[in-house]
$ cat target_15.pdb   # PDB, C-alpha atoms and all ligand atoms
ATOM      1  CA  MET A   1     -52.174  26.565  17.603
ATOM      2  CA  PRO A   2     -52.189  25.326  13.986
ATOM      3  CA  LEU A   3     -54.471  22.422  13.101
ATOM      4  CA  ASN A   4     -51.620  20.419  11.574
ATOM      5  CA  ILE A   5     -49.799  20.168  14.906
ATOM      6  CA  VAL A   6     -49.748  16.366  14.837
ATOM      7  CA  PHE A   7     -47.932  16.325  11.505
ATOM      8  CA  PHE A   8     -45.367  18.749  12.804
ATOM      9  CA  LEU A   9     -44.663  16.863  15.977
ATOM     10  CA  THR A  10     -44.249  13.482  14.394
ATOM     11  CA  LEU A  11     -41.763  14.853  11.884
ATOM     12  CA  HIS A  12     -39.933  16.878  14.480
ATOM     13  CA  ALA A  13     -39.562  13.853  16.742
ATOM     14  CA  GLN A  14     -37.570  12.243  13.914
ATOM     15  CA  PHE A  15     -38.979   8.789  13.927
ATOM     16  CA  ILE A  16     -41.322   7.051  11.591
ATOM     17  CA  ILE A  17     -44.887   6.485  12.639
ATOM     18  CA  GLU A  18     -48.100   6.322  10.758
ATOM     19  CA  ILE A  19     -48.864   9.973  10.230
ATOM     20  CA  MET A  20     -52.345  11.099  11.062
ATOM     21  CA  THR A  21     -53.936  14.500  10.784
ATOM     22  CA  ILE A  22     -55.526  16.019  13.835
ATOM     23  CA  GLU A  23     -58.931  15.616  12.140
ATOM     24  CA  GLU A  24     -58.310  11.857  11.749
ATOM     25  CA  ALA A  25     -57.181  11.598  15.365
ATOM     26  CA  ILE A  26     -60.383  13.360  16.499
ATOM     27  CA  LYS A  27     -62.521  10.941  14.448
ATOM     28  CA  GLN A  28     -60.696   7.850  15.719
ATOM     29  CA  ARG A  29     -60.472   8.782  19.370
ATOM     30  CA  HIS A  30     -62.825   7.336  21.938
ATOM     31  CA  SER A  31     -62.275   6.510  25.587
ATOM     32  CA  VAL A  32     -60.570   3.206  26.406
ATOM     33  CA  ARG A  33     -60.229   1.927  29.972
ATOM     34  CA  LYS A  34     -58.623  -1.487  29.455
ATOM     35  CA  TYR A  35     -55.075  -1.794  28.206
ATOM     36  CA  ILE A  36     -52.511  -4.434  27.335
ATOM     37  CA  HIS A  37     -49.118  -4.547  29.031
ATOM     38  CA  LYS A  38     -46.710  -2.704  26.741
ATOM     39  CA  PRO A  39     -44.143  -0.183  27.971
ATOM     40  CA  LEU A  40     -43.954   3.040  25.953
ATOM     41  CA  SER A  41     -41.004   3.161  23.562
ATOM     42  CA  THR A  42     -38.284   5.776  24.000
ATOM     43  CA  GLU A  43     -39.487   7.514  20.830
ATOM     44  CA  VAL A  44     -43.066   7.764  22.078
ATOM     45  CA  VAL A  45     -41.929   9.083  25.464
ATOM     46  CA  ARG A  46     -39.762  11.631  23.670
ATOM     47  CA  ALA A  47     -42.578  12.817  21.413
ATOM     48  CA  LEU A  48     -44.996  13.137  24.326
ATOM     49  CA  ALA A  49     -42.393  14.859  26.511
ATOM     50  CA  GLU A  50     -41.692  17.365  23.769
ATOM     51  CA  LYS A  51     -45.349  18.227  23.360
ATOM     52  CA  ILE A  52     -45.871  18.324  27.138
ATOM     53  CA  GLY A  53     -43.034  20.841  27.373
ATOM     54  CA  GLU A  54     -44.686  22.997  24.728
ATOM     55  CA  CYS A  55     -48.090  22.818  26.415
ATOM     56  CA  ASN A  56     -46.660  23.577  29.849
ATOM     57  CA  LYS A  57     -44.753  26.562  28.517
ATOM     58  CA  GLU A  58     -47.575  27.998  26.467
ATOM     59  CA  GLY A  59     -50.334  27.200  28.945
ATOM     60  CA  GLY A  60     -48.451  27.836  32.192
ATOM     61  CA  LEU A  61     -49.183  24.271  33.303
ATOM     62  CA  HIS A  62     -47.413  21.401  35.047
ATOM     63  CA  ILE A  63     -48.564  18.387  33.044
ATOM     64  CA  GLN A  64     -46.409  15.312  33.706
ATOM     65  CA  LEU A  65     -46.062  11.939  32.011
ATOM     66  CA  VAL A  66     -45.929   8.983  34.391
ATOM     67  CA  THR A  67     -44.843   5.632  32.962
ATOM     68  CA  GLN A  68     -44.840   2.088  34.310
ATOM     69  CA  GLU A  69     -46.862   3.040  37.367
ATOM     70  CA  THR A  70     -49.661   0.634  38.244
ATOM     71  CA  LYS A  71     -50.944   1.867  41.593
ATOM     72  CA  ALA A  72     -53.047   4.855  40.497
ATOM     73  CA  PHE A  73     -55.674   2.682  38.812
ATOM     74  CA  SER A  74     -55.524  -0.323  41.133
ATOM     75  CA  GLY A  75     -57.681   0.852  44.025
ATOM     76  CA  ILE A  76     -61.369   0.819  44.850
ATOM     77  CA  MET A  77     -62.003   3.970  42.761
ATOM     78  CA  SER A  78     -61.137   2.220  39.506
ATOM     79  CA  TYR A  79     -62.195  -1.307  40.433
ATOM     80  CA  GLY A  80     -64.064  -3.076  37.628
ATOM     81  CA  LYS A  81     -63.702  -0.138  35.272
ATOM     82  CA  PHE A  82     -60.031   0.380  34.453
ATOM     83  CA  HIS A  83     -57.579  -2.447  33.757
ATOM     84  CA  GLY A  84     -53.891  -2.480  32.932
ATOM     85  CA  VAL A  85     -53.275   1.265  33.275
ATOM     86  CA  GLU A  86     -49.498   1.694  33.408
ATOM     87  CA  ASN A  87     -49.004   5.133  31.854
ATOM     88  CA  TYR A  88     -50.806   8.369  32.429
ATOM     89  CA  LEU A  89     -50.642  12.113  32.096
ATOM     90  CA  VAL A  90     -51.033  14.095  35.291
ATOM     91  CA  MET A  91     -52.958  17.247  34.470
ATOM     92  CA  ALA A  92     -51.803  19.858  36.957
ATOM     93  CA  GLY A  93     -51.061  23.537  37.273
ATOM     94  CA  GLN A  94     -51.113  26.467  39.645
ATOM     95  CA  LYS A  95     -54.601  27.048  41.032
ATOM     96  CA  ALA A  96     -56.432  29.629  38.933
ATOM     97  CA  ASP A  97     -59.970  30.342  37.769
ATOM     98  CA  ASN A  98     -59.145  29.206  34.251
ATOM     99  CA  LEU A  99     -57.007  26.171  35.172
ATOM    100  CA  ASP A 100     -59.658  23.645  34.094
ATOM    101  CA  GLU A 101     -60.095  25.442  30.788
ATOM    102  CA  ARG A 102     -56.354  25.416  30.048
ATOM    103  CA  ILE A 103     -56.046  21.780  31.107
ATOM    104  CA  GLY A 104     -58.889  20.913  28.737
ATOM    105  CA  TYR A 105     -57.372  22.823  25.828
ATOM    106  CA  TYR A 106     -53.797  21.585  26.169
ATOM    107  CA  GLY A 107     -54.714  18.175  27.565
ATOM    108  CA  GLU A 108     -56.844  17.426  24.522
ATOM    109  CA  GLN A 109     -53.900  18.258  22.257
ATOM    110  CA  LEU A 110     -51.842  15.665  24.133
ATOM    111  CA  VAL A 111     -54.632  13.126  23.939
ATOM    112  CA  LEU A 112     -54.854  13.637  20.175
ATOM    113  CA  LEU A 113     -51.104  13.310  19.795
ATOM    114  CA  ALA A 114     -51.283  10.048  21.770
ATOM    115  CA  GLN A 115     -54.045   8.874  19.408
ATOM    116  CA  ALA A 116     -51.917   9.766  16.380
ATOM    117  CA  LEU A 117     -49.041   7.795  17.906
ATOM    118  CA  GLY A 118     -51.341   4.750  18.153
ATOM    119  CA  PHE A 119     -52.449   4.995  21.769
ATOM    120  CA  ASN A 120     -55.841   5.062  23.390
ATOM    121  CA  THR A 121     -56.695   7.353  26.269
ATOM    122  CA  CYS A 122     -59.305   8.131  28.902
ATOM    123  CA  TRP A 123     -59.786  11.237  31.017
ATOM    124  CA  ALA A 124     -60.315  10.437  34.684
ATOM    125  CA  GLY A 125     -61.155  12.942  37.368
ATOM    126  CA  LEU A 126     -62.339  10.486  40.009
ATOM    127  CA  SER A 127     -61.495   6.878  39.154
ATOM    128  CA  TYR A 128     -57.929   6.893  40.389
ATOM    129  CA  ARG A 129     -55.938   7.371  43.545
ATOM    130  CA  LYS A 130     -53.021   9.692  44.149
ATOM    131  CA  VAL A 131     -49.628   8.024  44.289
ATOM    132  CA  ASN A 132     -46.913   9.659  46.368
ATOM    133  CA  GLY A 133     -43.609  10.009  44.560
ATOM    134  CA  ALA A 134     -44.920   9.162  41.081
ATOM    135  CA  TYR A 135     -45.205  12.852  40.113
ATOM    136  CA  LYS A 136     -44.826  16.222  41.785
ATOM    137  CA  ILE A 137     -47.578  18.629  42.726
ATOM    138  CA  GLU A 138     -45.859  21.851  43.773
ATOM    139  CA  LYS A 139     -47.070  24.341  46.368
ATOM    140  CA  GLY A 140     -50.140  26.173  45.088
ATOM    141  CA  GLU A 141     -50.768  23.616  42.330
ATOM    142  CA  LYS A 142     -53.832  21.484  41.780
ATOM    143  CA  LEU A 143     -54.051  18.068  40.201
ATOM    144  CA  THR A 144     -57.239  18.491  38.179
ATOM    145  CA  CYS A 145     -57.402  15.052  36.582
ATOM    146  CA  ILE A 146     -55.454  12.263  34.969
ATOM    147  CA  ASP A 147     -55.471  10.947  31.432
ATOM    148  CA  CYS A 148     -54.433   7.324  31.141
ATOM    149  CA  LEU A 149     -52.879   6.087  27.931
ATOM    150  CA  GLY A 150     -52.015   2.734  26.502
ATOM    151  CA  ILE A 151     -52.891   0.200  23.846
ATOM    152  CA  ARG A 152     -56.435  -1.048  23.951
ATOM    153  CA  ARG A 153     -57.011  -4.573  25.220
ATOM    154  CA  ASP A 154     -59.081  -6.448  22.684
ATOM    155  CA  THR A 155     -62.379  -6.113  24.497
ATOM    156  CA  ARG A 156     -65.087  -3.491  24.534
ATOM    157  CA  GLY A 157     -64.073  -0.330  26.399
TER     158      GLY A 157
HETATM  159  C1  LIG A 201     -62.440  15.905  33.019
HETATM  160  C2  LIG A 201     -63.041  14.533  32.858
HETATM  161  C3  LIG A 201     -62.992  13.644  33.930
HETATM  162  C4  LIG A 201     -63.525  12.361  33.790
HETATM  163  N1  LIG A 201     -63.426  11.476  34.838
HETATM  164  C5  LIG A 201     -63.800  10.185  34.668
HETATM  165  C6  LIG A 201     -63.574   9.223  35.701
HETATM  166  O1  LIG A 201     -63.050   9.516  36.770
HETATM  167  N2  LIG A 201     -63.956   7.944  35.465
HETATM  168  C7  LIG A 201     -64.540   7.555  34.281
HETATM  169  O2  LIG A 201     -64.843   6.372  34.144
HETATM  170  N3  LIG A 201     -64.788   8.453  33.290
HETATM  171  C8  LIG A 201     -64.426   9.748  33.454
HETATM  172  N4  LIG A 201     -64.638  10.677  32.461
HETATM  173  C9  LIG A 201     -65.371  10.269  31.251
HETATM  174  C10 LIG A 201     -64.500   9.649  30.191
HETATM  175  O3  LIG A 201     -63.178  10.151  30.162
HETATM  176  C11 LIG A 201     -65.108   9.888  28.776
HETATM  177  O4  LIG A 201     -65.151  11.258  28.494
HETATM  178  C12 LIG A 201     -66.476   9.342  28.607
HETATM  179  O5  LIG A 201     -66.447   7.975  28.907
HETATM  180  C13 LIG A 201     -66.986   9.547  27.163
HETATM  181  O6  LIG A 201     -66.266   8.728  26.289
HETATM  182  P1  LIG A 201     -65.715   9.223  24.869
HETATM  183  O7  LIG A 201     -64.455   9.998  25.165
HETATM  184  O8  LIG A 201     -65.436   7.939  24.122
HETATM  185  O9  LIG A 201     -66.765  10.057  24.239
HETATM  186  C14 LIG A 201     -64.138  11.968  32.572
HETATM  187  C15 LIG A 201     -64.192  12.877  31.512
HETATM  188  C16 LIG A 201     -63.651  14.138  31.636
HETATM  189  C17 LIG A 201     -63.685  15.083  30.461
END
$ encode --input "target_15.pdb" --output "structure tokens"
Amino acid sequence: MPLNIVFFLTLHAQFIIEIMTIEEAIKQRHSVRKYIHKPLSTEVVRALAEKIGECNKEGGLHIQLVTQETKAFSGIMSYGKFHGVENYLVMAGQKADNLDERIGYYGEQLVLLAQALGFNTCWAGLSYRKVNGAYKIEKGEKLTCIDCLGIRRDTRG
């Protein structure tokens, strides 16, 4: 995977955003757990969906983007920690010894793309609850974790 992947994707998606190199995205990124209410634009959804498709194909994964879904981070598991989570990536794939490794590799690419598109993210393996119907976990698949994404609320964390 070339290091200039973020450049490529933003141009390929054919809309204008502030272009950021993957190195800049790495430097800027830090976990954010509190978000403002702002639905993702069609262009952002398209760019993420395109990259998700690539990652799923290359990595043999079943990563899914869930938008405008507020239940996953509204229960006891996320209480007091996460606020305003409305969008997230479901990191899933067929059970395999190296599933976690592939989720980490491809998931981080998605997280860095989200950062380059102006979004904050946070990996969560425990602080959420599963929501029936919001995404699909097929037979033999495992949901390893979730990565929420949104625009940071103007507070710490
Ligand atoms: C796979 C994975 C699962 C995680 N699960 C949770 C979680 O359930 N709840 C949580 O508050 N932080 C969780 N974290 C930690 C945060 O996502 C984050 O890595 C940590 O706060 C460090 O922040 P930084 O990304 O700014 O360095 C998880 C991290 C990883 C890599």
$ closest_residue --input "target_15.pdb" --among "A:Arg129, A:Lys95, A:Lys139, A:Lys51" --to "ligand LIG 201 (chain A)" --atoms "only C-alpha atoms and all ligand atoms"
A:Arg129
$ residues_around --input "target_15.pdb" --residues "Lys130 (chain A)" --least-positions-apart "3" --cutoff "9 Å" --atoms "only C-alpha atoms" --output "PDB file with C-alpha atoms, in the coordinates of the input"
ATOM      1  CA  LYS A  71     -50.944   1.867  41.593  1.00  0.00           C
ATOM      2  CA  ALA A  72     -53.047   4.855  40.497  1.00  0.00           C
ATOM      3  CA  ALA A 134     -44.920   9.162  41.081  1.00  0.00           C
TER       4      ALA A 134
END
$ residues_near_point --input "target_15.pdb" --point "(-42.6, 15.7, 32.6)" --cutoff "8 Å" --atoms "all atoms listed in the file" --output "PyMOL selection string"
chain A and resi 49+52-53+62-66
$ residues_around --input "target_15.pdb" --residues "Val111 (chain A)" --least-positions-apart "2" --cutoff "12 Å" --atoms "all atoms listed in the file" --output "ChimeraX atom specification"
/A:6,22,25-26,28-32,48,51-52,55,65,88-91,103-109,113-123,146-150
$ axis_aligned_box --input "target_15.pdb" --around "ligand LIG 201 (chain A)" --padding-each-side "4 Å" --output "lines of an AutoDock Vina configuration file"
center_x = -64.7
center_y = 11.1
center_z = 30.4
size_x = 12.5
size_y = 17.5
size_z = 20.6
